[in-house]
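Visitor: Sharing data.cif here; it has mmCIF, C-alpha atoms.
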data_coords
#
loop_
_atom_site.label_atom_id
_atom_site.label_comp_id
_atom_site.auth_asym_id
_atom_site.auth_seq_id
_atom_site.Cartn_x
_atom_site.Cartn_y
_atom_site.Cartn_z
CA MET A 1 0.00 0.00 0.00
CA ILE A 2 2.68 2.45 0.97
CA SER A 3 4.82 1.64 -2.06
CA LEU A 4 1.79 2.08 -4.31
CA VAL A 5 1.17 5.49 -2.81
CA ALA A 6 4.82 6.38 -3.24
CA ILE A 7 4.76 5.36 -6.88
CA VAL A 8 1.60 7.33 -7.54
CA ALA A 9 2.93 10.31 -5.63
CA GLY A 10 6.30 10.06 -7.35
CA THR A 11 5.00 9.88 -10.84
CA ALA A 12 2.54 12.68 -10.15
CA LEU A 13 5.21 15.11 -8.96
CA TRP A 14 7.02 16.90 -11.70
CA SER A 15 9.77 19.41 -11.43
CA ARG A 16 9.31 22.58 -13.36
CA TYR A 17 11.30 21.00 -16.19
CA GLY A 18 8.64 18.34 -16.62
CA GLN A 19 10.77 15.66 -15.04
CA PRO A 20 9.64 13.45 -12.17
CA LEU A 21 11.35 14.23 -8.87
CA VAL A 22 10.73 10.87 -7.25
CA VAL A 23 10.19 7.52 -8.94
CA ASN A 24 9.31 4.37 -7.02
CA GLY A 25 9.96 6.15 -3.76
CA LYS A 26 13.53 7.10 -4.69
CA PRO A 27 14.86 10.49 -5.74
CA ALA A 28 15.17 10.68 -9.49
CA VAL A 29 17.12 13.94 -9.69
CA SER A 30 19.60 15.81 -7.59
CA LEU A 31 18.34 19.09 -6.20
CA GLY A 32 19.81 21.97 -4.29
CA GLY A 33 22.76 24.27 -4.48
CA PRO A 34 24.28 27.36 -2.92
CA PHE A 35 22.01 30.19 -1.85
CA VAL A 36 22.09 33.37 0.23
CA LEU A 37 18.75 34.47 1.69
CA THR A 38 17.37 36.47 4.61
CA ASP A 39 15.41 34.95 7.48
CA GLN A 40 12.43 36.40 9.30
CA PHE A 41 14.76 38.13 11.77
CA GLY A 42 16.72 39.86 9.03
CA ARG A 43 19.72 37.53 9.34
CA ARG A 44 21.56 36.20 6.30
CA VAL A 45 21.20 32.43 5.90
CA THR A 46 23.16 30.35 3.40
CA ASP A 47 23.01 26.74 2.28
CA ARG A 48 26.05 26.08 4.48
CA ASP A 49 24.01 26.96 7.57
CA LEU A 50 21.74 23.99 6.90
CA ARG A 51 24.48 21.38 6.57
CA GLY A 52 24.93 18.91 9.40
CA LYS A 53 21.20 18.33 9.88
CA PRO A 54 18.57 16.94 7.52
CA THR A 55 16.29 19.61 6.07
CA LEU A 56 12.63 19.96 5.18
CA MET A 57 12.09 22.76 2.71
CA PHE A 58 8.74 24.12 1.55
CA PHE A 59 8.20 26.88 -1.00
CA GLY A 60 5.06 28.97 -0.48
CA PHE A 61 3.71 32.47 0.07
CA THR A 62 1.74 34.09 2.88
CA TYR A 63 -0.98 35.34 0.54
CA CYS A 64 -1.95 31.70 -0.03
CA PRO A 65 -5.30 30.92 1.66
CA GLU A 66 -5.23 27.15 1.88
CA VAL A 67 -2.23 25.05 0.80
CA CYS A 68 0.49 27.01 2.56
CA PRO A 69 -1.13 27.55 5.96
CA THR A 70 -2.31 23.95 6.11
CA THR A 71 1.18 22.74 5.19
CA LEU A 72 2.68 24.88 7.94
CA ALA A 73 0.09 23.53 10.37
CA ALA A 74 0.95 19.98 9.34
CA MET A 75 4.67 20.67 9.76
CA THR A 76 3.95 22.12 13.20
CA SER A 77 2.07 18.97 14.20
CA TRP A 78 4.82 16.68 12.89
CA LEU A 79 7.48 18.55 14.83
CA LYS A 80 5.44 18.19 17.97
CA ALA A 81 4.90 14.47 17.36
CA LEU A 82 8.62 13.91 16.82
CA GLY A 83 9.40 15.21 20.30
CA PRO A 84 13.11 15.93 20.89
CA ASP A 85 14.00 14.43 17.49
CA ALA A 86 12.43 17.50 15.90
CA ASP A 87 15.46 19.53 16.98
CA LYS A 88 17.59 17.33 14.71
CA LEU A 89 15.91 18.82 11.62
CA ASN A 90 16.10 22.10 9.78
CA VAL A 91 12.58 23.18 8.81
CA VAL A 92 12.59 25.94 6.25
CA TYR A 93 9.80 27.90 4.55
CA VAL A 94 11.05 29.77 1.49
CA THR A 95 8.80 32.38 -0.01
CA ILE A 96 8.30 32.47 -3.77
CA ASP A 97 6.64 35.88 -3.33
CA PRO A 98 9.53 38.02 -2.05
CA GLU A 99 7.83 41.28 -3.08
CA ARG A 100 5.09 40.87 -0.47
CA ASP A 101 6.80 38.44 1.93
CA THR A 102 9.34 40.70 3.56
CA PRO A 103 11.24 39.49 6.65
CA LYS A 104 8.79 41.43 8.82
CA GLN A 105 5.77 39.82 7.15
CA LEU A 106 7.31 36.36 7.48
CA ARG A 107 8.08 36.96 11.13
CA LEU A 108 4.51 37.98 11.92
CA TYR A 109 2.97 35.16 9.89
CA LEU A 110 5.27 32.41 11.18
CA SER A 111 4.77 33.46 14.80
CA SER A 112 1.62 31.30 14.75
CA PHE A 113 3.51 28.13 13.87
CA ASP A 114 6.32 26.12 15.41
CA PRO A 115 9.16 28.52 16.23
CA ARG A 116 11.67 26.10 14.68
CA ILE A 117 10.22 26.85 11.23
CA ARG A 118 12.55 29.37 9.62
CA GLY A 119 11.21 31.70 6.98
CA LEU A 120 13.50 32.76 4.17
CA THR A 121 13.09 35.58 1.70
CA GLY A 122 15.39 37.69 -0.45
CA THR A 123 15.55 39.69 -3.62
CA PRO A 124 13.65 38.28 -6.61
CA ALA A 125 17.01 37.18 -8.04
CA GLU A 126 18.02 35.37 -4.83
CA ILE A 127 14.67 33.57 -4.72
CA ALA A 128 14.92 32.71 -8.41
CA LYS A 129 18.32 31.13 -7.75
CA ILE A 130 17.16 28.79 -4.98
CA ALA A 131 13.92 27.98 -6.78
CA GLY A 132 15.92 27.05 -9.86
CA GLU A 133 18.22 24.82 -7.84
CA TYR A 134 15.25 23.00 -6.31
CA ARG A 135 13.38 22.96 -9.64
CA VAL A 136 10.45 24.68 -7.98
CA TYR A 137 7.74 25.91 -10.31
CA TYR A 138 6.35 29.32 -9.43
CA GLN A 139 4.48 31.84 -11.50
CA LYS A 140 2.92 35.21 -10.77
CA ILE A 141 -0.69 35.37 -11.97
CA PRO A 142 -2.22 38.86 -12.13
CA LEU A 143 -5.75 39.17 -10.85
CA GLN A 144 -8.46 41.47 -12.17
CA GLY A 145 -8.76 44.59 -10.09
CA GLY A 146 -5.09 44.54 -9.20
CA GLY A 147 -3.12 42.15 -7.06
CA TYR A 148 -1.80 38.75 -8.00
CA THR A 149 -1.63 35.17 -6.87
CA MET A 150 1.18 32.65 -7.26
CA ASP A 151 1.02 29.22 -8.84
CA HIS A 152 3.67 27.09 -7.18
CA SER A 153 5.00 23.61 -6.48
CA SER A 154 3.39 22.31 -3.32
CA ALA A 155 5.68 19.51 -2.14
CA ILE A 156 8.00 19.54 0.86
CA TYR A 157 11.54 18.66 -0.18
CA LEU A 158 13.60 16.42 2.09
CA MET A 159 17.39 16.63 2.18
CA ASP A 160 19.82 14.65 4.30
CA ALA A 161 22.50 16.18 6.53
CA ARG A 162 24.83 16.55 3.56
CA ALA A 163 22.09 18.45 1.70
CA ALA A 164 21.44 15.63 -0.77
CA PHE A 165 17.84 15.36 -1.97
CA THR A 166 16.24 12.23 -0.54
CA GLY A 167 12.53 12.58 -1.31
CA VAL A 168 9.36 14.60 -0.86
CA ILE A 169 6.33 14.81 1.36
CA THR A 170 3.36 15.56 -0.89
CA TYR A 171 0.54 17.96 -0.04
CA GLN A 172 -1.96 16.29 2.31
CA GLU A 173 0.12 13.17 2.69
CA PRO A 174 -1.29 11.11 5.60
CA PRO A 175 0.45 12.13 8.84
CA ALA A 176 1.55 8.58 9.68
CA GLN A 177 3.38 8.37 6.37
CA ALA A 178 4.97 11.81 6.69
CA LEU A 179 6.17 10.97 10.21
CA ALA A 180 7.66 7.68 9.01
CA GLN A 181 9.63 9.62 6.39
CA LEU A 182 10.78 12.15 8.97
CA ARG A 183 11.84 9.49 11.46
CA ALA A 184 13.86 7.80 8.71
CA LEU A 185 15.40 11.17 7.84
CA VAL A 186 16.42 11.78 11.44
CA ARG A 187 17.97 8.33 11.67
CA GLN A 188 20.16 8.79 8.57
CA MET B 1 -1.19 32.83 21.77
CA PHE B 2 1.00 30.78 19.46
CA LYS B 3 0.52 27.61 21.49
CA SER B 4 -3.25 27.51 21.50
CA PHE B 5 -3.51 28.59 17.89
CA SER B 6 -0.97 26.09 16.68
CA ARG B 7 -2.55 23.36 18.77
CA ALA B 8 -5.84 24.02 17.09
CA LEU B 9 -4.25 23.97 13.67
CA ALA B 10 -2.18 20.93 14.56
CA ALA B 11 -5.28 19.05 15.63
CA PHE B 12 -6.88 19.97 12.36
CA ALA B 13 -3.90 18.78 10.39
CA LEU B 14 -3.70 15.51 12.27
CA MET B 15 -7.31 14.45 12.20
CA ALA B 16 -8.25 12.17 9.35
CA ALA B 17 -10.60 13.96 6.99
CA ALA B 18 -14.11 13.29 8.23
CA PRO B 19 -17.36 14.95 7.30
CA LEU B 20 -18.33 17.82 9.53
CA ALA B 21 -21.18 17.03 11.89
CA ALA B 22 -24.52 18.28 10.61
CA SER B 23 -25.50 21.49 12.35
CA ALA B 24 -28.42 23.86 12.37
CA HIS B 25 -26.13 26.40 10.73
CA ASP B 26 -28.08 26.78 7.48
CA TYR B 27 -29.75 29.69 5.69
CA GLN B 28 -32.20 30.28 2.87
CA VAL B 29 -32.32 33.11 0.35
CA GLY B 30 -34.82 32.83 -2.48
CA ALA B 31 -34.49 29.33 -3.88
CA LEU B 32 -31.00 28.86 -2.49
CA LYS B 33 -30.18 26.88 0.64
CA ILE B 34 -26.86 27.84 2.20
CA GLY B 35 -25.22 25.14 4.30
CA HIS B 36 -22.72 25.55 7.11
CA PRO B 37 -20.44 28.43 6.15
CA TRP B 38 -17.06 27.89 7.84
CA SER B 39 -13.44 28.89 7.71
CA ARG B 40 -10.25 27.85 9.44
CA PRO B 41 -8.49 29.87 12.13
CA ASN B 42 -6.32 32.43 10.47
CA PRO B 43 -2.95 33.54 11.80
CA PRO B 44 -2.26 37.22 12.40
CA GLY B 45 -0.47 38.58 9.38
CA ALA B 46 -2.31 36.29 6.98
CA PRO B 47 -3.37 38.47 4.04
CA THR B 48 -6.08 36.03 2.93
CA ALA B 49 -8.38 33.32 4.23
CA ALA B 50 -10.58 30.75 2.54
CA GLY B 51 -14.31 30.44 3.27
CA TYR B 52 -16.29 27.28 2.60
CA LEU B 53 -20.00 26.52 2.37
CA SER B 54 -22.54 24.56 0.34
CA ILE B 55 -25.23 26.05 -1.88
CA THR B 56 -28.27 24.11 -3.10
CA ASN B 57 -30.52 25.54 -5.78
CA THR B 58 -34.05 24.30 -5.12
CA GLY B 59 -35.46 26.51 -7.85
CA LYS B 60 -35.94 26.12 -11.58
CA THR B 61 -33.51 28.74 -12.85
CA PRO B 62 -29.73 28.90 -12.47
CA ASP B 63 -28.14 31.41 -10.15
CA ARG B 64 -24.55 32.55 -9.55
CA LEU B 65 -22.55 33.27 -6.43
CA LEU B 66 -20.83 36.54 -7.25
CA GLY B 67 -18.83 37.09 -4.09
CA GLY B 68 -19.39 38.72 -0.76
CA ALA B 69 -18.62 41.54 1.60
CA SER B 70 -17.76 41.70 5.25
CA PRO B 71 -16.78 44.28 7.83
CA ALA B 72 -14.07 41.79 8.79
CA ALA B 73 -12.31 41.84 5.41
CA THR B 74 -11.47 44.15 2.52
CA THR B 75 -12.91 42.09 -0.35
CA ILE B 76 -14.44 38.66 -0.86
CA GLU B 77 -14.25 36.90 -4.23
CA VAL B 78 -14.97 33.40 -5.51
CA HIS B 79 -11.86 31.42 -6.45
CA GLU B 80 -11.05 27.90 -7.52
CA MET B 81 -7.99 25.96 -6.46
CA SER B 82 -6.59 23.13 -8.51
CA MET B 83 -3.64 20.81 -8.02
CA ALA B 84 -2.01 18.94 -10.89
CA GLY B 85 1.48 17.49 -11.02
CA GLY B 86 2.09 18.84 -7.51
CA ILE B 87 1.56 22.43 -8.68
CA MET B 88 -1.05 24.48 -6.87
CA ARG B 89 -3.03 27.03 -8.85
CA MET B 90 -5.82 29.41 -7.90
CA ARG B 91 -8.03 31.41 -10.22
CA PRO B 92 -10.99 33.71 -9.74
CA VAL B 93 -14.24 32.25 -11.01
CA VAL B 94 -15.01 34.83 -13.66
CA GLY B 95 -18.67 35.80 -13.85
CA GLY B 96 -19.51 34.04 -10.61
CA LEU B 97 -20.00 30.41 -9.60
CA VAL B 98 -23.00 28.87 -11.34
CA ILE B 99 -25.47 26.90 -9.25
CA ALA B 100 -27.74 25.02 -11.64
CA PRO B 101 -31.35 24.15 -10.74
CA GLY B 102 -31.45 21.10 -8.49
CA GLN B 103 -27.67 21.21 -8.00
CA THR B 104 -25.64 21.47 -4.81
CA VAL B 105 -22.31 23.23 -5.22
CA LYS B 106 -19.77 22.80 -2.44
CA LEU B 107 -17.08 25.32 -1.73
CA GLU B 108 -14.61 23.11 0.13
CA PRO B 109 -10.87 22.56 0.63
CA GLY B 110 -9.18 21.57 -2.61
CA GLY B 111 -11.77 23.19 -4.85
CA TYR B 112 -13.89 26.30 -4.88
CA HIS B 113 -13.61 28.72 -1.99
CA LEU B 114 -14.54 32.23 -1.03
CA MET B 115 -11.27 34.13 -1.18
CA ILE B 116 -11.38 36.43 1.82
CA ILE B 117 -8.89 39.17 1.07
CA GLY B 118 -7.50 41.46 3.74
CA PRO B 119 -8.93 39.96 6.94
CA LYS B 120 -8.91 42.75 9.48
CA ARG B 121 -8.13 40.55 12.43
CA ALA B 122 -7.01 37.03 13.24
CA PHE B 123 -9.83 34.48 13.08
CA ARG B 124 -9.86 32.22 16.11
CA VAL B 125 -11.68 28.96 16.73
CA GLY B 126 -15.17 29.81 17.96
CA ASP B 127 -15.36 33.16 16.17
CA HIS B 128 -18.29 33.98 13.90
CA ILE B 129 -17.38 36.14 10.93
CA PRO B 130 -20.30 38.04 9.39
CA VAL B 131 -20.37 37.90 5.60
CA THR B 132 -23.00 39.17 3.19
CA LEU B 133 -23.14 36.72 0.29
CA LYS B 134 -24.13 38.14 -3.09
CA PHE B 135 -26.06 36.13 -5.66
CA GLU B 136 -26.99 37.26 -9.14
CA LYS B 137 -30.70 36.39 -8.84
CA ALA B 138 -31.39 35.63 -5.20
CA GLY B 139 -29.74 38.80 -4.02
CA GLN B 140 -27.91 39.21 -0.76
CA ILE B 141 -27.97 37.33 2.50
CA LYS B 142 -26.01 37.89 5.67
CA VAL B 143 -24.51 34.71 7.13
CA ASP B 144 -21.99 33.88 9.83
CA PHE B 145 -18.90 31.88 9.01
CA ASP B 146 -17.98 29.63 11.92
CA ILE B 147 -14.27 29.41 12.59
CA GLU B 148 -13.45 25.76 13.10
CA ALA B 149 -10.10 24.02 13.41
CA THR B 150 -10.90 20.44 12.90
CA ALA B 151 -13.21 17.62 11.94
CA PRO B 152 -15.47 16.41 14.76
CA ALA B 153 -14.06 14.26 17.56
CA SER B 154 -15.43 11.12 15.90
CA ALA B 155 -12.24 10.92 13.82
CA PRO B 156 -9.97 8.37 15.53
CA PRO B 157 -6.65 9.67 16.86
CA MET B 158 -3.68 8.25 14.98
CA SER B 159 -1.89 5.86 17.31
CA SER B 160 1.53 6.93 16.05
CA MET B 161 0.91 10.48 17.19
CA GLY B 162 2.09 9.87 20.75
CA GLY B 163 1.12 12.79 22.89
CA MET B 164 -1.34 14.51 20.55
CA GLN B 165 -4.88 14.76 21.83
CA GLY B 166 -8.23 15.51 20.25
CA MET B 167 -9.03 19.17 20.41
CA PRO B 168 -12.38 20.58 21.43
CA GLY B 169 -13.04 24.29 21.03
CA MET B 170 -10.28 26.55 22.27
CA ASN B 171 -10.83 29.35 24.74
CA HIS B 172 -8.96 32.58 24.65
#
The structure given in the file should be rewritten as structure tokens.

Guide:
Amino acid sequence: MISLVAIVAGTALWSRYGQPLVVNGKPAVSLGGPFVLTDQFGRRVTDRDLRGKPTLMFFGFTYCPEVCPTTLAAMTSWLKALGPDADKLNVVYVTIDPERDTPKQLRLYLSSFDPRIRGLTGTPAEIAKIAGEYRVYYQKIPLQGGGYTMDHSSAIYLMDARAAFTGVITYQEPPAQALAQLRALVRQ
Amino acid sequence: MFKSFSRALAAFALMAAAPLAASAHDYQVGALKIGHPWSRPNPPGAPTAAGYLSITNTGKTPDRLLGGASPAATTIEVHEMSMAGGIMRMRPVVGGLVIAPGQTVKLEPGGYHLMIIGPKRAFRVGDHIPVTLKFEKAGQIKVDFDIEATAPASAPPMSSMGGMQGMPGMNH
């Protein structure tokens, strides 16, 4: 059952280049690379700061009414369920809407979720760089009457302590399955 | 404030999806029956929220949900979310959401929703947010959106969750 779900999830998840990220439960591409971003406290954060611990990385935006807040809520509940093991993970929320998601906005928004979740933003070029390295699809869609929404990849990317891509947690994945993946990640 | 809010959201995230318990929280305007308007708790700093409800057209002519208005938000529009290939998209429903005669249309997570833009305060579990819904034919009706975190307690707790508990309404 779990392998069937993994296969379905894997084949359904495409990088922005139209290539599957995960096939048969195993990573099919390598993702990641160097980045320099700014966290919700205005501090510079680089890819080197994440090494040494496995990482969960989610790309979203605070203007998102459903997928992003529910993903953050799910991440908050997983961290709580992991107990002290949760401290062995980096949990990172990268905005793909840096124009609206300033450090101050991220700080306010993330204050309602687990404090271990770090929000990262930057200039549009800095965000484009990390999104490219993680093959994250994101697209600004103008709305009538002004304003815009963002189409974006909805998966949570999992990296090991050496920052190698190891898999994904898909949107609305059953909690038991997500926790099994996270426990395996912590054990690596 | 973080703890109780996140606990409510965490309980929501953990509970298996289960149908909401039937409630007396229904309305009627013209031929339209409005069922159980609800929304999730909304963190401070959230620029949007999603509202959900069901609409049944008991009449013989189609109608359209055009949007809404509320003192608790700047604007309310009708949007549709879709997910394909792991990519989330949202679009306004141009011209309004059609409710055909005899049809029930559900605005629910993963599909159509009322896009509540510019909430003027955090929504907390137990709040009631007043919204005037606007329909092309039936006109306007004022309803309350209940702020709810989770499916009812009938959903079984996941045994692997360890210390997580079911979450009744939160008090602030």

Visitor: With the PyMOL selection byres ((chain A and resi 45) around 12) as the selection, what would be picked from this file? Answer as a PyMOL selection string, please.

Guide: chain A and resi 34-44+46-51+92+94+118-122+126

Visitor: Considering only C-alpha atoms, tabulate each residue of chain A that lies at most 8 Å from chain B along with its nearest interatomic pair and the corresponding distance in Å to one decimal; arrange the rows by chain and ascending residue number and present them as a tab-separated table.

Guide:
residue	atom	partner	partner_atom	distance
A:Ala12	CA	B:Gly85	CA	5.0
A:Leu13	CA	B:Gly85	CA	4.9
A:Trp14	CA	B:Gly85	CA	5.6
A:Thr62	CA	B:Ala46	CA	6.2
A:Tyr63	CA	B:Pro47	CA	5.3
A:Cys64	CA	B:Thr48	CA	6.7
A:Pro65	CA	B:Ala49	CA	4.7
A:Glu66	CA	B:Ala50	CA	6.5
A:Val67	CA	B:Met88	CA	7.8
A:Thr70	CA	B:Ala13	CA	6.9
A:Ala73	CA	B:Ala10	CA	5.4
A:Ala74	CA	B:Ala13	CA	5.1
A:Thr76	CA	B:Ala10	CA	6.4
A:Ser77	CA	B:Ala10	CA	4.7
A:Ala81	CA	B:Met161	CA	5.6
A:Gln105	CA	B:Gly45	CA	6.7
A:Leu108	CA	B:Gly45	CA	5.6
A:Tyr109	CA	B:Gly45	CA	4.9
A:Ser111	CA	B:Phe2	CA	6.6
A:Ser112	CA	B:Phe2	CA	4.8
A:Phe113	CA	B:Ser6	CA	5.7
A:Asp114	CA	B:Ser6	CA	7.4
A:Tyr137	CA	B:Ile87	CA	7.3
A:Leu143	CA	B:Pro92	CA	7.6
A:Thr149	CA	B:Met90	CA	7.2
A:Met150	CA	B:Arg89	CA	7.2
A:Asp151	CA	B:Arg89	CA	4.6
A:His152	CA	B:Ile87	CA	5.3
A:Ser153	CA	B:Ile87	CA	4.3
A:Ser154	CA	B:Gly86	CA	5.6
A:Ala155	CA	B:Gly86	CA	6.5
A:Thr170	CA	B:Gly86	CA	7.5
A:Tyr171	CA	B:Gly86	CA	7.7
A:Pro174	CA	B:Ala16	CA	8.0
A:Pro175	CA	B:Leu14	CA	6.4
A:Ala176	CA	B:Ser160	CA	6.6

Visitor: List the neighbours of Gly68 (chain B) out to 10 Å using only C-alpha atoms; skip same-chain residues closer than 6 positions along the sequence, and give me the result as a list of chain:residue names.

Guide: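 Those residues are B:Thr75, B:Ile76, B:Glu77, B:Val78, B:Leu114, B:Met115, B:Ile116, B:Val131, B:Thr132, B:Leu133, B:Lys134, B:Phe135, B:Gln140, B:Ile141, B:Lys142.
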
Visitor: Go ahead and write the residues just picked, C-alpha atoms, as a PDB file, keeping the file's coordinate frame.

Guide:
ATOM      1  CA  THR B  75     -12.910  42.090  -0.350  1.00  0.00           C
ATOM      2  CA  ILE B  76     -14.440  38.660  -0.860  1.00  0.00           C
ATOM      3  CA  GLU B  77     -14.250  36.900  -4.230  1.00  0.00           C
ATOM      4  CA  VAL B  78     -14.970  33.400  -5.510  1.00  0.00           C
ATOM      5  CA  LEU B 114     -14.540  32.230  -1.030  1.00  0.00           C
ATOM      6  CA  MET B 115     -11.270  34.130  -1.180  1.00  0.00           C
ATOM      7  CA  ILE B 116     -11.380  36.430   1.820  1.00  0.00           C
ATOM      8  CA  VAL B 131     -20.370  37.900   5.600  1.00  0.00           C
ATOM      9  CA  THR B 132     -23.000  39.170   3.190  1.00  0.00           C
ATOM     10  CA  LEU B 133     -23.140  36.720   0.290  1.00  0.00           C
ATOM     11  CA  LYS B 134     -24.130  38.140  -3.090  1.00  0.00           C
ATOM     12  CA  PHE B 135     -26.060  36.130  -5.660  1.00  0.00           C
ATOM     13  CA  GLN B 140     -27.910  39.210  -0.760  1.00  0.00           C
ATOM     14  CA  ILE B 141     -27.970  37.330   2.500  1.00  0.00           C
ATOM     15  CA  LYS B 142     -26.010  37.890   5.670  1.00  0.00           C
TER      16      LYS B 142
END

Visitor: With a distance cut-off of 10 Å and all atoms listed in the file, select the neighbouring residues of Lys88 (chain A), excluding the residue or stretch itself and same-chain residues fewer than 3 positions from it, and output the selection as a list of chain:residue names.

Guide: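 Everything that qualifies: A:Gly52, A:Lys53, A:Pro54, A:Thr55, A:Leu82, A:Pro84, A:Asp85, A:Val91, A:Ala161, A:Leu185, A:Val186, A:Arg187.
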
Visitor: Ranking A:Met159, A:Tyr93, A:Gly132, A:Leu72 by minimum distance to Gln172 (chain A) and counting only C-alpha atoms, which one comes first?

Guide: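 Nearest candidate to Gln172 (chain A) out of A:Met159, A:Tyr93, A:Gly132, A:Leu72: A:Leu72.
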
Visitor: Once 5 Å is added on each side, what are the centre and the three edge lengths, in Å to one decimal, of the axis-aligned box enclosing the listed atoms of region 98-112 of chain A? Present them as AutoDock Vina command-line options.

Guide:
--center_x 6.4 --center_y 36.4 --center_z 5.9 --size_x 19.6 --size_y 20.1 --size_z 27.9

Visitor: Within 7 Å of Phe61 (chain A), counting only C-alpha atoms, which residues qualify if same-chain residues fewer than 2 places away don't, as a JSON list (two decimals) with C-alpha atoms, in the frame of the given file?

Guide:
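Below you can see selection.json, which holds the result:
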[["chain", "number", "residue", "atom", "x", "y", "z"],
["A", 63, "TYR", "CA", -0.98, 35.34, 0.54],
["A", 64, "CYS", "CA", -1.95, 31.70, -0.03],
["A", 68, "CYS", "CA", 0.49, 27.01, 2.56],
["A", 95, "THR", "CA", 8.80, 32.38, -0.01],
["A", 96, "ILE", "CA", 8.30, 32.47, -3.77],
["A", 97, "ASP", "CA", 6.64, 35.88, -3.33],
["A", 101, "ASP", "CA", 6.80, 38.44, 1.93]]

Visitor: From the list B:Leu65, B:Leu53, B:Ala73, B:Leu32, which residue is nearest Pro101 (chain B) when using all atoms listed in the file?

Guide: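 Of the candidates, the smallest distance to Pro101 (chain B) is held by B:Leu32.
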
Visitor: Expanded to explicit residues, what is the PyMOL selection byres ((chain B and resi 100) around 10) for this file, as a list in words?

Guide: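 Checked against the file, the PyMOL selection byres ((chain B and resi 100) around 10) matches Thr56, Asn57, Thr58, Gly59, Lys60, Thr61, Pro62, Asp63, Arg64, Leu97, Val98, Ile99, Pro101, Gly102, Gln103, Thr104 and Val105 of chain B.
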
Visitor: Pick out the residues sitting within 8 Å of Gly167 (chain A), and hand them over as a ChimeraX atom specification; count all atoms listed in the file, and ignore anything fewer than 2 positions along from it in its own chain.

Guide: /A:21-22,25-27,157-159,165,169

Visitor: Enter the distance from CA of Ala69 (chain B) to CA of Pro130 (chain B), in Å, rounded to one decimal.

Guide: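 Computing the Euclidean distance for CA of Ala69 (chain B) and CA of Pro130 (chain B) yields 8.7 Å.
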
Visitor: Can you work out which one of A:Ile117, A:Tyr138, A:Gly83, A:Gln188 has the shortest atom-to-atom distance to Ala164 (chain A), counting only C-alpha atoms?

Guide: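 For Ala164 (chain A), the nearest of the given residues is A:Gln188.
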
Visitor: One decimal, Å: what's the distance from CA of Met57 (chain A) over to CA of Pro119 (chain B), could you say?

Guide: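 A separation of 27.5 Å between them.
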
Visitor: So how far away is CA of Leu107 (chain B) from CA of Leu106 (chain A), in Å?

Guide: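 For CA of Leu106 (chain A) relative to CA of Leu107 (chain B), the distance reads 28.3 Å.
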
Visitor: Measuring between only C-alpha atoms, which one of A:Gln177, A:Asp87, A:Gly147, A:Phe58 shows the shortest distance to Met75 (chain A)?

Guide: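 Using only C-alpha atoms, Met75 (chain A) sits closest to A:Phe58.
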
Visitor: Name the residues in contact with Phe145 (chain B) at a cut-off of 7 Å, using all atoms listed in the file, excluding same-chain residues fewer than 4 positions from it; report them as a PyMOL selection string.

Guide: chain B and resi 37-39+128-130

Visitor: Generate a file for region 33-44 of chain A, containing N, CA and C atoms, as a compact mmCIF listing (two decimals), in the first residue's frame.

Guide:
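Contents of out02.txt, as written:
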# COMPACT_ATOMS: atom_id res chain seq x y z
N GLY A 33 21.61 23.51 -4.04
CA GLY A 33 22.76 24.27 -4.48
C GLY A 33 22.98 25.43 -3.54
N PRO A 34 23.99 26.24 -3.82
CA PRO A 34 24.28 27.36 -2.92
C PRO A 34 23.20 28.44 -3.00
N PHE A 35 22.93 29.06 -1.85
CA PHE A 35 22.01 30.19 -1.85
C PHE A 35 22.38 31.13 -0.71
N VAL A 36 21.96 32.38 -0.85
CA VAL A 36 22.09 33.37 0.23
C VAL A 36 20.74 34.05 0.34
N LEU A 37 20.09 33.90 1.50
CA LEU A 37 18.75 34.47 1.69
C LEU A 37 18.71 35.19 3.04
N THR A 38 17.54 35.72 3.36
CA THR A 38 17.37 36.47 4.61
C THR A 38 16.24 35.85 5.40
N ASP A 39 16.47 35.59 6.69
CA ASP A 39 15.41 34.95 7.48
C ASP A 39 14.45 36.00 8.05
N GLN A 40 13.49 35.51 8.82
CA GLN A 40 12.43 36.40 9.30
C GLN A 40 12.94 37.37 10.36
N PHE A 41 14.18 37.19 10.81
CA PHE A 41 14.76 38.13 11.77
C PHE A 41 15.76 39.06 11.09
N GLY A 42 15.82 39.00 9.77
CA GLY A 42 16.72 39.86 9.03
C GLY A 42 18.14 39.33 8.94
N ARG A 43 18.35 38.08 9.37
CA ARG A 43 19.72 37.53 9.34
C ARG A 43 19.97 36.84 8.00
N ARG A 44 21.20 36.90 7.53
CA ARG A 44 21.56 36.20 6.30
C ARG A 44 21.69 34.71 6.61
